[in-house]
Structures are given as C-alpha cells and as structure tokens.
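Student: input_34.tsv (TSV, C-alpha atoms) pasted underneath:
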chain	number	residue	atom	x	y	z
A	1	MET	CA	78.22	192.59	144.84
A	2	GLU	CA	77.76	193.08	141.10
A	3	PRO	CA	75.33	190.77	139.37
A	4	VAL	CA	77.07	188.26	137.13
A	5	GLN	CA	76.17	188.95	133.51
A	6	ASN	CA	75.81	185.84	131.42
A	7	LYS	CA	77.40	186.80	128.11
A	8	SER	CA	75.99	184.67	125.34
A	9	ILE	CA	77.45	184.74	121.84
A	10	TRP	CA	74.32	183.26	120.26
A	11	ASN	CA	72.38	186.48	119.68
A	12	ALA	CA	75.29	188.21	117.97
A	13	SER	CA	76.48	185.29	115.86
A	14	GLY	CA	72.93	184.15	115.06
A	15	MET	CA	71.95	187.61	113.85
A	16	ALA	CA	75.14	187.94	111.78
A	17	GLY	CA	74.70	184.46	110.30
A	18	VAL	CA	71.07	185.01	109.31
A	19	VAL	CA	71.62	188.49	107.83
A	20	PHE	CA	74.72	187.55	105.87
A	21	GLY	CA	73.25	184.18	104.85
A	22	PHE	CA	70.40	186.05	103.14
A	23	ILE	CA	72.80	188.57	101.57
A	24	VAL	CA	75.08	185.83	100.19
A	25	PHE	CA	72.09	183.96	98.78
A	26	LEU	CA	70.61	187.12	97.21
A	27	ILE	CA	73.90	188.04	95.53
A	28	SER	CA	74.27	184.51	94.20
A	29	LEU	CA	70.67	184.55	92.92
A	30	ILE	CA	71.11	187.93	91.19
A	31	GLY	CA	74.29	186.61	89.53
A	32	SER	CA	72.44	183.52	88.29
A	33	TYR	CA	69.63	185.60	86.77
A	34	ILE	CA	72.16	187.93	85.13
A	35	THR	CA	73.71	184.83	83.50
A	36	ILE	CA	70.30	183.51	82.44
A	37	HIS	CA	69.10	186.79	80.91
A	38	SER	CA	72.38	187.78	79.23
A	39	GLU	CA	73.27	186.96	75.65
A	40	PRO	CA	76.07	184.36	75.68
A	41	THR	CA	79.37	186.08	74.94
A	42	GLY	CA	81.86	183.27	75.48
A	43	ASN	CA	83.20	184.92	78.61
A	44	LEU	CA	83.70	182.11	81.10
A	45	LEU	CA	83.59	184.52	84.02
A	46	SER	CA	79.79	184.41	84.11
A	47	GLY	CA	77.52	186.35	86.46
A	48	THR	CA	77.00	183.17	88.50
A	49	ILE	CA	80.68	182.63	89.17
A	50	LEU	CA	81.36	186.31	89.75
A	51	ALA	CA	78.40	186.60	92.13
A	52	SER	CA	79.51	183.61	94.19
A	53	VAL	CA	82.99	185.13	94.59
A	54	ILE	CA	81.57	188.58	95.45
A	55	GLY	CA	79.08	186.93	97.81
A	56	CYS	CA	81.90	185.14	99.56
A	57	LEU	CA	83.93	188.35	99.89
A	58	ILE	CA	80.94	190.06	101.48
A	59	GLY	CA	80.19	186.95	103.55
A	60	VAL	CA	83.60	187.25	105.25
A	61	PHE	CA	82.29	190.34	107.02
A	62	GLY	CA	79.75	188.21	108.90
A	63	GLY	CA	82.34	187.57	111.61
A	64	VAL	CA	83.05	191.31	111.89
A	65	PHE	CA	79.33	192.08	112.08
A	66	GLY	CA	78.84	189.39	114.74
A	67	VAL	CA	81.63	190.86	116.91
A	68	LYS	CA	80.15	194.34	116.45
A	69	MET	CA	76.74	193.07	117.61
A	70	TYR	CA	78.34	191.38	120.62
A	71	ILE	CA	80.17	194.57	121.59
A	72	ARG	CA	76.96	196.59	121.22
A	73	GLU	CA	75.20	194.13	123.54
A	74	TYR	CA	77.85	193.53	126.21
A	75	GLY	CA	80.56	196.16	125.75
A	76	PRO	CA	84.05	195.87	124.25
A	77	GLU	CA	85.58	193.49	126.84
A	78	MET	CA	86.13	190.24	124.98
A	79	LYS	CA	88.76	187.61	124.39
A	80	ILE	CA	90.19	186.82	120.96
A	81	GLY	CA	88.80	183.30	121.28
A	82	GLN	CA	85.30	184.68	121.77
A	83	GLY	CA	85.64	186.67	118.54
A	84	ALA	CA	86.77	183.51	116.75
A	85	VAL	CA	83.80	181.50	118.10
A	86	ILE	CA	81.33	184.27	117.16
A	87	GLY	CA	82.80	184.29	113.63
A	88	LEU	CA	82.77	180.49	113.35
A	89	VAL	CA	79.14	180.17	114.47
A	90	ALA	CA	78.08	183.08	112.23
A	91	GLY	CA	79.85	181.41	109.29
A	92	LEU	CA	78.22	178.02	109.92
A	93	ILE	CA	74.75	179.59	110.16
A	94	MET	CA	75.46	181.71	107.07
A	95	GLY	CA	76.56	178.65	105.08
A	96	ALA	CA	73.51	176.64	106.17
A	97	ILE	CA	71.04	179.42	105.32
A	98	SER	CA	72.54	180.28	101.93
A	99	GLN	CA	72.67	176.58	100.94
A	100	PHE	CA	69.15	175.90	102.19
A	101	LEU	CA	67.74	178.87	100.29
A	102	SER	CA	69.52	177.88	97.09
A	103	LEU	CA	67.94	174.43	97.37
A	104	LEU	CA	64.57	176.02	98.01
A	105	TRP	CA	64.62	178.57	95.19
A	106	PRO	CA	64.06	176.15	92.24
A	107	LEU	CA	60.74	175.24	93.89
A	108	PHE	CA	59.58	178.83	93.25
A	109	ASP	CA	61.08	179.07	89.75
A	110	SER	CA	60.76	175.61	88.27
A	111	ALA	CA	62.76	176.46	85.10
A	112	PHE	CA	65.66	177.96	87.09
A	113	ILE	CA	68.07	175.00	86.92
A	114	GLU	CA	67.32	174.29	83.26
A	115	ASN	CA	67.74	177.94	82.22
A	116	LEU	CA	70.94	178.36	84.21
A	117	GLN	CA	72.39	175.17	82.75
A	118	ALA	CA	71.54	176.28	79.19
A	119	ALA	CA	73.05	179.75	79.74
A	120	MET	CA	76.27	178.37	81.26
A	121	ILE	CA	76.75	175.79	78.51
A	122	ALA	CA	76.06	178.40	75.79
A	123	ASN	CA	78.81	180.58	77.27
A	124	ILE	CA	81.30	177.71	77.31
A	125	GLU	CA	80.43	176.78	73.71
A	126	LEU	CA	81.17	180.31	72.50
A	127	SER	CA	84.39	180.64	74.47
A	128	ASP	CA	87.62	181.14	72.57
A	129	GLN	CA	89.73	180.85	75.74
A	130	LEU	CA	89.76	177.05	75.74
A	131	PRO	CA	90.72	174.27	73.31
A	132	GLU	CA	87.83	172.17	71.96
A	133	ALA	CA	88.66	169.14	74.15
A	134	GLN	CA	88.62	171.24	77.32
A	135	LYS	CA	85.35	172.85	76.25
A	136	GLU	CA	83.71	169.44	75.89
A	137	ASP	CA	84.98	168.42	79.32
A	138	MET	CA	83.65	171.63	80.87
A	139	ILE	CA	80.27	171.22	79.19
A	140	ASP	CA	80.00	167.63	80.42
A	141	ALA	CA	81.02	168.68	83.95
A	142	THR	CA	78.51	171.57	84.00
A	143	TYR	CA	75.73	169.32	82.69
A	144	THR	CA	76.45	166.63	85.31
A	145	GLN	CA	76.66	169.23	88.08
A	146	MET	CA	73.29	170.77	87.20
A	147	GLN	CA	71.59	167.39	86.70
A	148	ASN	CA	72.77	166.35	90.18
A	149	TYR	CA	71.48	169.56	91.81
A	150	TYR	CA	69.15	167.63	94.13
A	151	SER	CA	71.19	164.46	94.61
A	152	ALA	CA	72.06	163.58	98.22
A	153	GLY	CA	75.79	163.64	97.49
A	154	SER	CA	75.61	167.04	95.88
A	155	ILE	CA	73.53	168.51	98.73
A	156	ILE	CA	75.84	167.13	101.42
A	157	GLN	CA	78.91	168.33	99.53
A	158	GLY	CA	77.38	171.81	99.14
A	159	PHE	CA	76.69	172.09	102.88
A	160	LEU	CA	80.12	170.74	103.83
A	161	ILE	CA	81.95	173.15	101.53
A	162	SER	CA	79.85	176.06	102.82
A	163	PHE	CA	80.59	175.10	106.42
A	164	VAL	CA	84.33	174.79	105.81
A	165	THR	CA	84.76	177.95	103.73
A	166	TYR	CA	82.33	180.32	105.48
A	167	GLY	CA	83.08	178.84	108.91
A	168	LEU	CA	86.84	179.24	108.69
A	169	LEU	CA	86.84	182.57	106.85
A	170	ASN	CA	84.49	184.07	109.42
A	171	LEU	CA	86.51	182.57	112.26
A	172	PHE	CA	89.50	184.53	110.92
A	173	SER	CA	87.51	187.74	110.43
A	174	GLY	CA	85.93	187.32	113.88
A	175	LEU	CA	89.26	187.05	115.69
A	176	ILE	CA	90.73	190.00	113.76
A	177	ALA	CA	87.60	192.03	114.61
A	178	ALA	CA	87.89	191.06	118.30
A	179	LYS	CA	91.50	192.28	118.32
A	180	PHE	CA	90.79	195.60	116.63
A	181	MET	CA	87.26	196.42	117.79
A	182	GLY	CA	87.21	194.90	121.25
A	183	LYS	CA	89.30	195.36	124.37
A	184	THR	CA	91.09	192.09	124.92
A	185	PRO	CA	92.14	191.28	128.47
A	186	GLN	CA	95.90	191.72	129.01
A	187	GLU	CA	96.80	188.27	130.26
A	188	GLU	CA	95.65	185.40	128.13
A	189	LEU	CA	98.23	182.67	128.34
B	1	MET	CA	120.97	192.33	136.39
B	2	HIS	CA	117.64	192.74	134.71
B	3	GLY	CA	118.36	193.70	131.15
B	4	LYS	CA	115.87	194.97	128.68
B	5	GLN	CA	112.92	192.58	128.58
B	6	LEU	CA	112.80	190.65	125.32
B	7	LEU	CA	109.53	191.23	123.49
B	8	SER	CA	109.49	187.63	122.34
B	9	THR	CA	109.51	186.45	125.96
B	10	LYS	CA	106.81	188.90	126.97
B	11	TYR	CA	104.41	188.03	124.15
B	12	ALA	CA	103.26	184.78	122.62
B	13	LEU	CA	100.81	183.57	120.03
B	14	HIS	CA	97.32	182.56	121.11
B	15	PRO	CA	96.82	178.74	120.99
B	16	LEU	CA	94.24	179.31	118.24
B	17	PHE	CA	97.19	179.91	115.92
B	18	TYR	CA	98.52	176.37	116.37
B	19	VAL	CA	95.17	174.63	116.75
B	20	VAL	CA	93.07	176.25	114.03
B	21	VAL	CA	94.73	178.96	111.96
B	22	LEU	CA	97.99	177.27	110.91
B	23	PRO	CA	96.39	173.86	110.17
B	24	SER	CA	93.61	175.55	108.15
B	25	ILE	CA	96.05	177.58	106.08
B	26	LEU	CA	98.24	174.52	105.52
B	27	PHE	CA	95.18	172.59	104.39
B	28	PHE	CA	93.98	175.34	102.01
B	29	ALA	CA	97.45	175.84	100.54
B	30	PHE	CA	97.88	172.10	100.05
B	31	ALA	CA	94.43	171.80	98.46
B	32	ALA	CA	95.20	174.71	96.13
B	33	TRP	CA	98.52	173.30	94.89
B	34	SER	CA	97.78	169.56	95.00
B	35	PRO	CA	95.63	168.72	91.90
B	36	PRO	CA	98.68	168.06	89.67
B	37	LEU	CA	99.87	165.52	92.26
B	38	PHE	CA	96.66	163.51	92.10
B	39	TYR	CA	95.18	163.97	88.62
B	40	SER	CA	96.51	163.58	85.12
B	41	THR	CA	93.48	164.53	83.01
B	42	LEU	CA	91.15	167.53	82.97
B	43	PRO	CA	87.93	165.55	83.55
B	44	GLU	CA	89.50	164.20	86.75
B	45	TRP	CA	90.38	167.78	87.71
B	46	PHE	CA	86.79	168.94	87.07
B	47	GLY	CA	85.46	166.32	89.45
B	48	SER	CA	88.13	166.77	92.10
B	49	TRP	CA	87.41	167.61	95.75
B	50	GLN	CA	89.98	170.41	95.51
B	51	LYS	CA	88.00	172.15	92.76
B	52	ALA	CA	84.75	171.65	94.69
B	53	LEU	CA	86.33	173.03	97.88
B	54	PHE	CA	87.20	176.38	96.31
B	55	SER	CA	84.13	176.63	94.06
B	56	GLN	CA	82.49	179.25	96.31
B	57	VAL	CA	85.55	181.45	96.79
B	58	CYS	CA	87.31	181.46	93.40
B	59	HIS	CA	86.20	181.59	89.76
B	60	GLN	CA	88.72	178.76	88.94
B	61	GLN	CA	88.89	179.65	85.24
B	62	PRO	CA	91.43	177.32	83.60
B	63	ALA	CA	92.51	180.19	81.33
B	64	ARG	CA	93.51	182.23	84.40
B	65	SER	CA	95.15	179.45	86.39
B	66	LEU	CA	98.69	178.22	86.73
B	67	TYR	CA	99.44	174.79	85.27
B	68	ILE	CA	101.80	172.05	86.42
B	69	ASN	CA	102.24	169.07	84.05
B	70	GLY	CA	99.24	170.24	82.03
B	71	ILE	CA	96.88	170.24	85.02
B	72	PRO	CA	95.58	173.54	86.43
B	73	LEU	CA	95.88	174.27	90.14
B	74	ALA	CA	92.61	174.26	92.09
B	75	VAL	CA	92.38	178.06	92.19
B	76	CYS	CA	93.18	180.95	89.83
B	77	SER	CA	96.66	182.46	89.77
B	78	ARG	CA	95.69	185.33	92.10
B	79	CYS	CA	94.18	183.01	94.71
B	80	THR	CA	97.23	180.72	94.41
B	81	GLY	CA	99.30	183.76	95.38
B	82	ILE	CA	96.93	184.58	98.26
B	83	TYR	CA	97.09	181.12	99.88
B	84	THR	CA	100.84	180.88	99.29
B	85	GLY	CA	101.37	184.38	100.71
B	86	ILE	CA	99.37	183.66	103.87
B	87	LEU	CA	101.29	180.42	104.38
B	88	ALA	CA	104.60	182.22	103.78
B	89	ALA	CA	103.70	184.82	106.43
B	90	MET	CA	102.90	182.01	108.88
B	91	ILE	CA	106.20	180.26	108.14
B	92	ILE	CA	108.40	183.34	108.48
B	93	HIS	CA	106.57	184.78	111.50
B	94	PRO	CA	109.19	183.60	114.06
B	95	PHE	CA	111.75	185.76	112.25
B	96	ILE	CA	109.57	188.88	112.16
B	97	PHE	CA	107.75	188.35	115.46
B	98	THR	CA	109.34	191.32	117.25
B	99	PHE	CA	108.60	193.57	114.29
B	100	VAL	CA	104.98	192.40	114.14
B	101	ILE	CA	104.45	193.19	117.84
B	102	LYS	CA	105.62	196.77	117.42
B	103	ALA	CA	104.32	197.61	113.96
B	104	LYS	CA	100.53	197.65	114.25
B	105	LEU	CA	100.17	200.82	112.19
B	106	TYR	CA	102.48	199.59	109.42
B	107	ILE	CA	100.72	196.24	109.26
B	108	MET	CA	97.36	197.94	108.84
B	109	ARG	CA	98.71	200.35	106.22
B	110	VAL	CA	100.36	197.58	104.23
B	111	PHE	CA	97.15	195.54	104.41
B	112	ALA	CA	95.12	198.53	103.18
B	113	LEU	CA	97.61	199.15	100.35
B	114	ALA	CA	97.64	195.48	99.31
B	115	SER	CA	93.82	195.40	99.38
B	116	LEU	CA	93.69	198.54	97.22
B	117	VAL	CA	96.12	197.02	94.70
B	118	ILE	CA	94.21	193.74	94.44
B	119	VAL	CA	90.81	195.45	94.15
B	120	LEU	CA	92.09	197.91	91.49
B	121	ASP	CA	93.77	195.21	89.44
B	122	GLY	CA	90.79	192.86	89.75
B	123	ALA	CA	88.29	195.56	88.81
B	124	ALA	CA	90.42	196.80	85.91
B	125	ASN	CA	90.61	193.26	84.50
B	126	LEU	CA	86.90	192.73	85.03
B	127	PHE	CA	85.99	195.92	83.16
B	128	HIS	CA	88.64	195.28	80.47
B	129	LEU	CA	90.65	198.43	81.30
B	130	TRP	CA	93.82	196.37	81.16
B	131	HIS	CA	94.78	192.71	81.09
B	132	SER	CA	97.12	191.46	83.82
B	133	THR	CA	99.30	188.45	83.16
B	134	ASP	CA	99.23	185.42	85.44
B	135	GLN	CA	102.56	186.54	86.90
B	136	VAL	CA	101.12	189.94	87.90
B	137	ARG	CA	98.06	188.27	89.43
B	138	LEU	CA	100.28	185.85	91.31
B	139	ILE	CA	102.45	188.71	92.67
B	140	THR	CA	99.50	190.91	93.73
B	141	GLY	CA	97.86	187.86	95.33
B	142	THR	CA	101.04	186.94	97.20
B	143	PHE	CA	101.43	190.55	98.39
B	144	TRP	CA	97.86	190.58	99.74
B	145	GLY	CA	98.26	187.08	101.21
B	146	MET	CA	101.40	188.06	103.12
B	147	ALA	CA	99.73	191.24	104.40
B	148	THR	CA	96.68	189.25	105.52
B	149	GLY	CA	98.82	186.56	107.14
B	150	THR	CA	100.76	189.20	109.07
B	151	LEU	CA	97.49	190.82	110.16
B	152	LEU	CA	96.23	187.44	111.37
B	153	ILE	CA	99.44	186.84	113.31
B	154	TYR	CA	99.25	190.32	114.84
B	155	SER	CA	95.66	189.61	115.91
B	156	LEU	CA	96.76	186.45	117.70
B	157	ILE	CA	99.55	188.03	119.75
B	158	VAL	CA	98.81	188.02	123.46
B	159	LEU	CA	100.76	188.77	126.62
B	160	ARG	CA	102.49	185.75	128.07
B	161	LYS	CA	101.37	185.06	131.62
B	162	HIS	CA	104.38	184.39	133.83
B	163	LYS	CA	104.11	182.01	136.71
B	164	PRO	CA	105.50	183.08	140.09
B	165	GLY	CA	109.22	182.33	140.12
B	166	ASP	CA	109.62	182.60	136.34
B	167	ASN	CA	112.25	184.97	135.07
B	168	PRO	CA	110.28	187.30	132.82
B	169	TYR	CA	113.32	189.00	131.31
B	170	GLY	CA	114.68	186.39	129.01
B	171	THR	CA	118.09	186.63	130.69
B	172	ARG	CA	119.50	183.88	132.80
B	173	SER	CA	119.23	184.70	136.51
B	174	LYS	CA	121.89	183.55	138.93
As structure tokens, how would this structure be written, given the file I've shared?
Tutor:
Amino acid sequence: MEPVQNKSIWNASGMAGVVFGFIVFLISLIGSYITIHSEPTGNLLSGTILASVIGCLIGVFGGVFGVKMYIREYGPEMKIGQGAVIGLVAGLIMGAISQFLSLLWPLFDSAFIENLQAAMIANIELSDQLPEAQKEDMIDATYTQMQNYYSAGSIIQGFLISFVTYGLLNLFSGLIAAKFMGKTPQEEL
Amino acid sequence: MHGKQLLSTKYALHPLFYVVVLPSILFFAFAAWSPPLFYSTLPEWFGSWQKALFSQVCHQQPARSLYINGIPLAVCSRCTGIYTGILAAMIIHPFIFTFVIKAKLYIMRVFALASLVIVLDGAANLFHLWHSTDQVRLITGTFWGMATGTLLIYSLIVLRKHKPGDNPYGTRSK
C-alpha cells in the first residue's frame, strides 16, 4: 500500500507570496525615489504611479510561481481549484507583505512621505494636461492622501485593496497556471 | 442511435467560474464604469472607493480616461477596454464554447498577439515614440481583455462527469 502523501499548498503559496511581496514593494519604493529625485516635469505619469502599475503586473505572476513551486514539490497532478487557492493565498500574503513594508519604510527614512508629497504636488502644478480647477482638486487630494498615510482608515483601506486586487488577480493566474503547467484530473464535475 | 457526442454536453465550466470569476469580473467592470453614476464633481471622484480600488493597478490619469457627463471613469481608457473585454468574453462564452474547447492553440496565439500589441503600444506611448488616442487605447485594451477572458474560460473547462444512467450523447434516447 502506497503511503498517503499530504499535499499542502502552504509552502508553495507562502514562498510565492513572500518573494513577490518583496518584489512588489521594492519596485514601488524605487518608483517613489525616482519621483523624489527627478526634476518636476509636469508629467502626471510619475515614477510612483508607473512603479505601482509595473509592480502589479509583475505581482500577477505570484500565482504562476506558486503553482510552479507546488509542482516542483509534489508533481504535476493538481486540480484547477488547487491552482486557484495557491494563487489566492499567494496574493493575500503578497498584499499583506507589500503593504506592511510600505508602512514600515517611513520609519527608516523619516523624510520619505514629505519628500514624496512635495515631488508629486510639484509635478501636478507644472502639468499642462489639466485645467486649473482640476489641478487644485488633485493637489488637495494628494495632500490629504499623504497626510493620512498613517491613519487607521487609510491603513485598513490599503490592506483591503491589496487583498482584493492581488488576491483575485493571483487567483486567476493560479488557475490558468494549473491548467497549462499541471496535469488536471480528467473528471472534475 | 448514438450520434456524434456534443462537445457542450461532454464538457462544462468549473464551478469557480460561477462562484468567483464571473462575479469578480462583473464587480470590477461595474466599479470601472460606475463613477459617473454616483458622482457629479471631480473632488467626489478623487475620494471615491472606485478610484481607490484601482489605484494599485492603473495610473488613472484623468487626461487619459474616458468621460461620461464630465466625470472620468475609475480607470484609464485602456483598462476600461480590458475590463469590458473580459466581461464581453464571459458574456458571449456560451456562443463560442465549442470553439473554445477545440482551439487551445489559437487562444494562446491570440493572447500572445494581444499582449504584444498592448505592450508595444504602452511602451511606445511611455517613451514618446507615438501618441495613441483614447479610442486606440480602448480598442487595444478590449482586444487584450477578450483574449484574456477567453483564456480564463478555456482554463476553467473540465470534463462533465456523467452519472450512471445518464445519456452522455446529447441525443434523446428512446
């Protein structure tokens, strides 16, 4: 009688979540420092915004990486639902780590929030893409957002949005990866 | 008596499609299009939950967004196309289900082509090689969204398990 192998998804999704959480945070941090150290040009597509979008695009591969780790550990036999769960858990861990690190970083660089706020507002002020009224609204919104960086509402919202976006996107990438990289059992319904 | 087995009776979509994927896509598409329904001024739009929801996945530049009644949608024109395209693929999937089952290679090729188009156009705009209009961004986004939606549907196709006594051929047995 063959020994029953207990296949746990935690190693694979945990590893994927931690690795990609760090990557997403690093990309976001690099983008923020590019914004801080660049001369304001009036281009609203700042390094911060661009980095968060690029970070998210890379973050989607967390689910794929998690499925790959699972296959390396247990072999390619897996159900689509397992791929989806691996992706979902990886995405939740990724979101939590990237959010936690971004809350932690201003403790190491105390002028980070102030510098980032100044750089973002300077870019909006120089922009010729928006009417004056819209510029004022954007400046007010950016100022409020940065001033509320450590408010409870802002922190909870940040975590929730990370969980929803990274969780669902990685759930999708995980189930696609399970279909294409794994061997799904024939009968599922 | 047994005719050719209908593919649509042999295969089905995994329950994940109905429980998670379709509701999520409906939610994202609604959130993307809904700001003009709820807000009438830009400050309201800036503080909206829709804008916050997409803040980590889209640049949301008002200058690159579609407007309805003077209020921008929650995402840029390309992302509007993406969410709409994915939703469109989900809605029309019953009509293309048989094609999707058989066309794995085409689906992957179309997805690769759509990804190439969106990356090239995005990069070219970023590096100021050319400037795409909102219409072009919307079309390339919709193309990629439909390709991604079809890929998602393909990934969720599984064999239908027939119970003993079921007629697996989709033809009425006497």
Student: Would you mind reading off the distance between atom CA of Gln117 of chain A and atom CA of Asp140 of chain A, one decimal, in Å?
Tutor: 11.0 Å
Student: Check the smallest atom-to-atom distance from each of A:Asn43, A:Gln147, A:Asn11, A:Thr165 to Ala96 of chain A using only C-alpha atoms, then report the winner.
Tutor: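 The shortest atom-to-atom distance to Ala96 of chain A comes from A:Thr165.
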Student: Which chain A residues are at most 6 Å from chain B (counting all atoms listed in the file), as an NGL selection string?
Tutor: :A and (49 or 52-53 or 56 or 137 or 161 or 176 or 179 or 187 or 189)
Student: Which value, in Å to one decimal, gives the distance between atom CA of Leu57 of chain A and atom CA of Val119 of chain B?
Tutor: 11.4 Å
Student: Dig up all the protein and nucleic acid residues within 10 Å of (98.9, 176.0, 99.4) in the file frame, using all atoms listed in the file, and format them as a list of chain:residue names.
Tutor: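 Every polymer residue passing the test: B:Ile25, B:Leu26, B:Phe27, B:Phe28, B:Ala29, B:Phe30, B:Ala31, B:Ala32, B:Trp33, B:Ser34, B:Leu73, B:Ala74, B:Val75, B:Cys79, B:Thr80, B:Gly81, B:Ile82, B:Tyr83, B:Thr84, B:Gly85, B:Ile86, B:Leu87, B:Ala88.
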Student: Take the point (92.0, 185.9, 123.8) as written in the file and pick out every residue within 8 Å of it, counting only C-alpha atoms; give the list as a ChimeraX atom specification.
Tutor: /A:78-82,184-185,188 /B:14,156,158
Student: Restricting the calculation to only C-alpha atoms: of A:Val60, A:Met138, A:Ile34, A:Ile9, which residue gets closest to Tyr74 of chain A?
Tutor: A:Ile9
Student: Considering all atoms listed in the file, can you say which of B:Gly141, B:Phe38, B:Ser48, B:Ile96 comes closest to Ile68 of chain B?
Tutor: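 Closest to Ile68 of chain B, using all atoms listed in the file: B:Phe38.
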Student: Can you pull out the residues contacting Glu136 of chain A? Cut-off 12 Å, using only C-alpha atoms, and skip same-chain residues under 6 positions away; I want them as a PyMOL selection string.
Tutor: (chain A and resi 121-122+124-127+130+142-143) or (chain B and resi 42-43+46)
Student: What does the distance from atom CA of Leu175 of chain A to atom CA of Leu88 of chain A come to in Å, to one decimal?
Tutor: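 One can read the atom CA of Leu175 of chain A to atom CA of Leu88 of chain A distance as 9.5 Å.
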Student: Just write segment 90-98 of chain B with all heavy atoms, as a PDB file, in the first residue's frame, taken from the block above.
Tutor:
ATOM      1  N   MET B  90     -16.825  36.771 -21.200  1.00  0.00           N
ATOM      2  CA  MET B  90     -17.615  35.946 -20.275  1.00  0.00           C
ATOM      3  C   MET B  90     -19.074  35.866 -20.752  1.00  0.00           C
ATOM      4  O   MET B  90     -19.712  34.831 -20.632  1.00  0.00           O
ATOM      5  CB  MET B  90     -17.617  36.558 -18.866  1.00  0.00           C
ATOM      6  CG  MET B  90     -16.260  36.829 -18.295  1.00  0.00           C
ATOM      7  SD  MET B  90     -15.675  35.493 -17.303  1.00  0.00           S
ATOM      8  CE  MET B  90     -13.918  35.625 -17.474  1.00  0.00           C
ATOM      9  N   ILE B  91     -19.590  37.002 -21.260  1.00  0.00           N
ATOM     10  CA  ILE B  91     -20.999  37.029 -21.668  1.00  0.00           C
ATOM     11  C   ILE B  91     -21.224  36.198 -22.930  1.00  0.00           C
ATOM     12  O   ILE B  91     -22.209  35.470 -23.041  1.00  0.00           O
ATOM     13  CB  ILE B  91     -21.464  38.494 -21.877  1.00  0.00           C
ATOM     14  CG1 ILE B  91     -21.545  39.205 -20.515  1.00  0.00           C
ATOM     15  CG2 ILE B  91     -22.820  38.554 -22.573  1.00  0.00           C
ATOM     16  CD1 ILE B  91     -21.737  40.696 -20.600  1.00  0.00           C
ATOM     17  N   ILE B  92     -20.268  36.278 -23.877  1.00  0.00           N
ATOM     18  CA  ILE B  92     -20.505  35.566 -25.144  1.00  0.00           C
ATOM     19  C   ILE B  92     -20.000  34.118 -25.105  1.00  0.00           C
ATOM     20  O   ILE B  92     -20.162  33.397 -26.086  1.00  0.00           O
ATOM     21  CB  ILE B  92     -19.876  36.303 -26.352  1.00  0.00           C
ATOM     22  CG1 ILE B  92     -18.350  36.355 -26.228  1.00  0.00           C
ATOM     23  CG2 ILE B  92     -20.469  37.679 -26.537  1.00  0.00           C
ATOM     24  CD1 ILE B  92     -17.662  36.811 -27.514  1.00  0.00           C
ATOM     25  N   HIS B  93     -19.431  33.695 -23.983  1.00  0.00           N
ATOM     26  CA  HIS B  93     -18.827  32.360 -23.979  1.00  0.00           C
ATOM     27  C   HIS B  93     -19.796  31.217 -24.330  1.00  0.00           C
ATOM     28  O   HIS B  93     -19.378  30.256 -24.968  1.00  0.00           O
ATOM     29  CB  HIS B  93     -18.075  32.077 -22.667  1.00  0.00           C
ATOM     30  CG  HIS B  93     -18.898  31.440 -21.608  1.00  0.00           C
ATOM     31  ND1 HIS B  93     -19.568  32.159 -20.650  1.00  0.00           N
ATOM     32  CD2 HIS B  93     -19.193  30.137 -21.381  1.00  0.00           C
ATOM     33  CE1 HIS B  93     -20.236  31.331 -19.885  1.00  0.00           C
ATOM     34  NE2 HIS B  93     -20.029  30.104 -20.284  1.00  0.00           N
ATOM     35  N   PRO B  94     -21.100  31.299 -23.962  1.00  0.00           N
ATOM     36  CA  PRO B  94     -21.974  30.182 -24.357  1.00  0.00           C
ATOM     37  C   PRO B  94     -22.049  30.002 -25.875  1.00  0.00           C
ATOM     38  O   PRO B  94     -22.260  28.894 -26.363  1.00  0.00           O
ATOM     39  CB  PRO B  94     -23.343  30.578 -23.792  1.00  0.00           C
ATOM     40  CG  PRO B  94     -23.046  31.538 -22.702  1.00  0.00           C
ATOM     41  CD  PRO B  94     -21.830  32.285 -23.149  1.00  0.00           C
ATOM     42  N   PHE B  95     -21.853  31.110 -26.611  1.00  0.00           N
ATOM     43  CA  PHE B  95     -21.954  31.035 -28.072  1.00  0.00           C
ATOM     44  C   PHE B  95     -20.671  30.526 -28.724  1.00  0.00           C
ATOM     45  O   PHE B  95     -20.684  30.108 -29.869  1.00  0.00           O
ATOM     46  CB  PHE B  95     -22.326  32.419 -28.639  1.00  0.00           C
ATOM     47  CG  PHE B  95     -23.567  32.989 -28.014  1.00  0.00           C
ATOM     48  CD1 PHE B  95     -23.490  34.006 -27.080  1.00  0.00           C
ATOM     49  CD2 PHE B  95     -24.826  32.479 -28.333  1.00  0.00           C
ATOM     50  CE1 PHE B  95     -24.633  34.518 -26.481  1.00  0.00           C
ATOM     51  CE2 PHE B  95     -25.962  32.977 -27.736  1.00  0.00           C
ATOM     52  CZ  PHE B  95     -25.875  34.005 -26.805  1.00  0.00           C
ATOM     53  N   ILE B  96     -19.548  30.645 -27.996  1.00  0.00           N
ATOM     54  CA  ILE B  96     -18.270  30.214 -28.593  1.00  0.00           C
ATOM     55  C   ILE B  96     -17.678  29.036 -27.826  1.00  0.00           C
ATOM     56  O   ILE B  96     -16.525  28.695 -27.988  1.00  0.00           O
ATOM     57  CB  ILE B  96     -17.260  31.382 -28.640  1.00  0.00           C
ATOM     58  CG1 ILE B  96     -17.038  31.969 -27.225  1.00  0.00           C
ATOM     59  CG2 ILE B  96     -17.724  32.476 -29.589  1.00  0.00           C
ATOM     60  CD1 ILE B  96     -15.845  32.899 -27.151  1.00  0.00           C
ATOM     61  N   PHE B  97     -18.501  28.414 -26.973  1.00  0.00           N
ATOM     62  CA  PHE B  97     -17.993  27.383 -26.069  1.00  0.00           C
ATOM     63  C   PHE B  97     -17.322  26.238 -26.835  1.00  0.00           C
ATOM     64  O   PHE B  97     -16.213  25.813 -26.498  1.00  0.00           O
ATOM     65  CB  PHE B  97     -19.146  26.864 -25.206  1.00  0.00           C
ATOM     66  CG  PHE B  97     -18.701  26.011 -24.060  1.00  0.00           C
ATOM     67  CD1 PHE B  97     -17.887  26.530 -23.066  1.00  0.00           C
ATOM     68  CD2 PHE B  97     -19.092  24.689 -23.963  1.00  0.00           C
ATOM     69  CE1 PHE B  97     -17.478  25.756 -21.996  1.00  0.00           C
ATOM     70  CE2 PHE B  97     -18.683  23.901 -22.893  1.00  0.00           C
ATOM     71  CZ  PHE B  97     -17.879  24.440 -21.914  1.00  0.00           C
ATOM     72  N   THR B  98     -17.981  25.753 -27.884  1.00  0.00           N
ATOM     73  CA  THR B  98     -17.441  24.629 -28.648  1.00  0.00           C
ATOM     74  C   THR B  98     -16.115  25.008 -29.298  1.00  0.00           C
ATOM     75  O   THR B  98     -15.165  24.220 -29.315  1.00  0.00           O
ATOM     76  CB  THR B  98     -18.448  24.206 -29.733  1.00  0.00           C
ATOM     77  OG1 THR B  98     -19.718  24.065 -29.133  1.00  0.00           O
ATOM     78  CG2 THR B  98     -18.047  22.886 -30.364  1.00  0.00           C
TER      79      THR B  98
END
